[in-house]
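Visitor: The following block contains the structure, expressed as structure tokens.
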Amino acid sequence: METFGYTFDDPALLELALTHASADATHNNERLEFLGDTVLDLVIAEYLYRQTPELDEGTMTERKAWVVSRETLARIAHDLGMHRMARFGQGMRTREVPRSVLANLYEGYVGALYLDGGLEPARSFILDSLADALVEIGHGAETKNPKQELQHLAQTLTGKPPRYRLVEERGHAHTRAFLVAAEIEGRRFPGAWGRTRKEAERWAAFEALIVLRAEHAGEPER
């Protein structure tokens, strides 16, 4: 089975990579996400080491964080149409796929590539799919912090900081998942899942920013 220019010797790995926990609580892509995250870090770290000899360790760390940020991975996964190939449970199929889930699909696919063909096909896919992001870091792009951005925007609009509500918590000790929603002056924005509460808060801030930016598009900065 061929996807994104690669033919899997073991199609079951591809199926697993595209199976969300809402579709199958036992056989899903969570372990592949873990592996893919590690492979992704290695490939981008090696790329920066070889291609940017002028950068020090701290700058390389910042730029790697921007390239492999879950915001970047979610955008790439969406552009590739991974959400249209994935298996979701009934509840997930009735709404827009959260960006945290899109990023997980990307990492799961990288993990499946690595297990099926080794590092080379995984490296090829990563560098091809993240080519635009790699060009951007060459121009000095920096890590973005959606919580800081939301804090600033909320203070500007209302004079009050956002609050983060834990809506739901699932899983066992080693596979916890947290659903968090941002609130500003009692208004709750779409929630987001994360593997830690901190990650979920970051994604919740990102979801709130999308809504607020759409509502205030075209307004001059205050």
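In the structure tokens, chains take the letters A, B, ... in the order shown, each chain's residues start at 1, and ligands count up from 1 in the order shown.
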Go through segment 1-197 of chain A and collect every residue that DSSP, computed from the backbone, puts in strand (DSSP E); the answer should be as a VMD selection string.

Guide: chain A and resid 2 to 3 6 to 7 163 to 170 177 to 184 187 to 188 192 to 194

Visitor: Using only C-alpha atoms, what table do you get, as a Markdown table, when you list each residue of segment 1-30 of chain A with an atom no more than 12 Å from segment 117-136 of chain A, its nearest pair of atoms, and their distance in Å rounded to one decimal, rows by chain then rising number?

Guide:
```
| residue | atom | partner | partner_atom | distance |
| --- | --- | --- | --- | --- |
| A:Thr3 | CA | A:Phe125 | CA | 10.5 |
| A:Phe4 | CA | A:Phe125 | CA | 7.9 |
| A:Gly5 | CA | A:Phe125 | CA | 8.5 |
| A:Tyr6 | CA | A:Pro121 | CA | 7.6 |
| A:Thr7 | CA | A:Gly117 | CA | 9.4 |
| A:Phe8 | CA | A:Gly117 | CA | 7.8 |
| A:Asp9 | CA | A:Gly117 | CA | 8.0 |
| A:Asp10 | CA | A:Gly117 | CA | 9.5 |
| A:Pro11 | CA | A:Gly117 | CA | 11.9 |
| A:Leu13 | CA | A:Gly117 | CA | 10.9 |
| A:Leu14 | CA | A:Gly117 | CA | 11.8 |
```

Visitor: When distances are computed from only C-alpha atoms, which of A:Arg87, A:His20, A:Lys64, A:Lys147 shows the smallest separation from Leu209 of chain A?

Guide: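 So, comparing all the options, the nearest one is A:Lys147.
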
Visitor: Show me, as a ChimeraX atom specification, the residues that have an atom within 9 Å of Pro190 of chain A when counting only C-alpha atoms, minus same-chain residues fewer than 6 positions from it.

Guide: /A:180-182,204,207-208,211

Visitor: What is the distance between atom CA of Tyr106 of chain A and atom CA of Arg202 of chain A, in Å to one decimal?

Guide: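 Taking atom CA of Tyr106 of chain A as the start and atom CA of Arg202 of chain A as the end point, the length is 18.3 Å.
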
Visitor: Let me make sure I understand: among A:Thr38, A:Ser22, A:Gln51, A:Thr196, which one has the smallest atom-to-atom distance to Gly108 of chain A if we use only C-alpha atoms?

Guide: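 Closest residue, counting only C-alpha atoms: A:Thr38.
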
Visitor: Give me the residues within 12 Å of Ala86 of chain A as a ChimeraX atom specification, counting only C-alpha atoms and dropping any in the same chain fewer than 6 places off.

Guide: /A:14-24,28-29,77-78,80,92-93,97,101-102,104-106,108-109

Visitor: Just want the 7 Å neighbourhood of segment 165-179 of chain A, counted on only C-alpha atoms, with same-chain residues fewer than 3 positions away dropped. Output as a PyMOL selection string.

Guide: chain A and resi 182+191-197+200

Visitor: Can you write out the residues you just picked, keeping C-alpha atoms, as a JSON list (two decimals), in the first residue's frame?

Guide:
```
[["chain", "number", "residue", "atom", "x", "y", "z"],
["A", 182, "ALA", "CA", -9.44, 28.15, 27.82],
["A", 191, "GLY", "CA", -11.19, 22.31, 24.24],
["A", 192, "ALA", "CA", -8.06, 20.40, 23.27],
["A", 193, "TRP", "CA", -6.47, 17.12, 24.31],
["A", 194, "GLY", "CA", -2.87, 16.70, 25.40],
["A", 195, "ARG", "CA", -0.66, 13.97, 26.82],
["A", 196, "THR", "CA", 0.08, 16.24, 29.78],
["A", 197, "ARG", "CA", -2.01, 19.00, 31.30],
["A", 200, "ALA", "CA", -3.37, 20.42, 26.70]]
```

Visitor: Between A:Met82, A:Phe88, A:Thr61, A:Val110, which has the minimum distance to Val39 of chain A (counting only C-alpha atoms)?

Guide: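 Under the stated criterion, the closest residue is A:Val110.
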
Visitor: Going by DSSP on the backbone, which bits of segment 30-182 of chain A are helix (DSSP H, G or I)? Write them as number ranges by chain, please.

Guide: A: 30-51, 57-67, 70-80, 82-85, 90-93, 99-117, 119-129, 131-138, 146-158, 173-175

Visitor: Could you tell me which of A:Met60, A:Ala74, A:Leu113, A:Leu157 comes closest to Glu46 of chain A if we count only C-alpha atoms?

Guide: A:Met60

Visitor: Between atom CA of Glu199 of chain A and atom CA of Asp56 of chain A, what is the distance, to one decimal in Å?

Guide: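 About the pair atom CA of Glu199 of chain A and atom CA of Asp56 of chain A: they are 27.1 Å apart.
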
Visitor: Taking only C-alpha atoms into account, name the residue in A:Arg70, A:Arg50, A:Arg63, A:His152 that is nearest to Asp37 of chain A.

Guide: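 Smallest separation from Asp37 of chain A among the options: A:Arg70.
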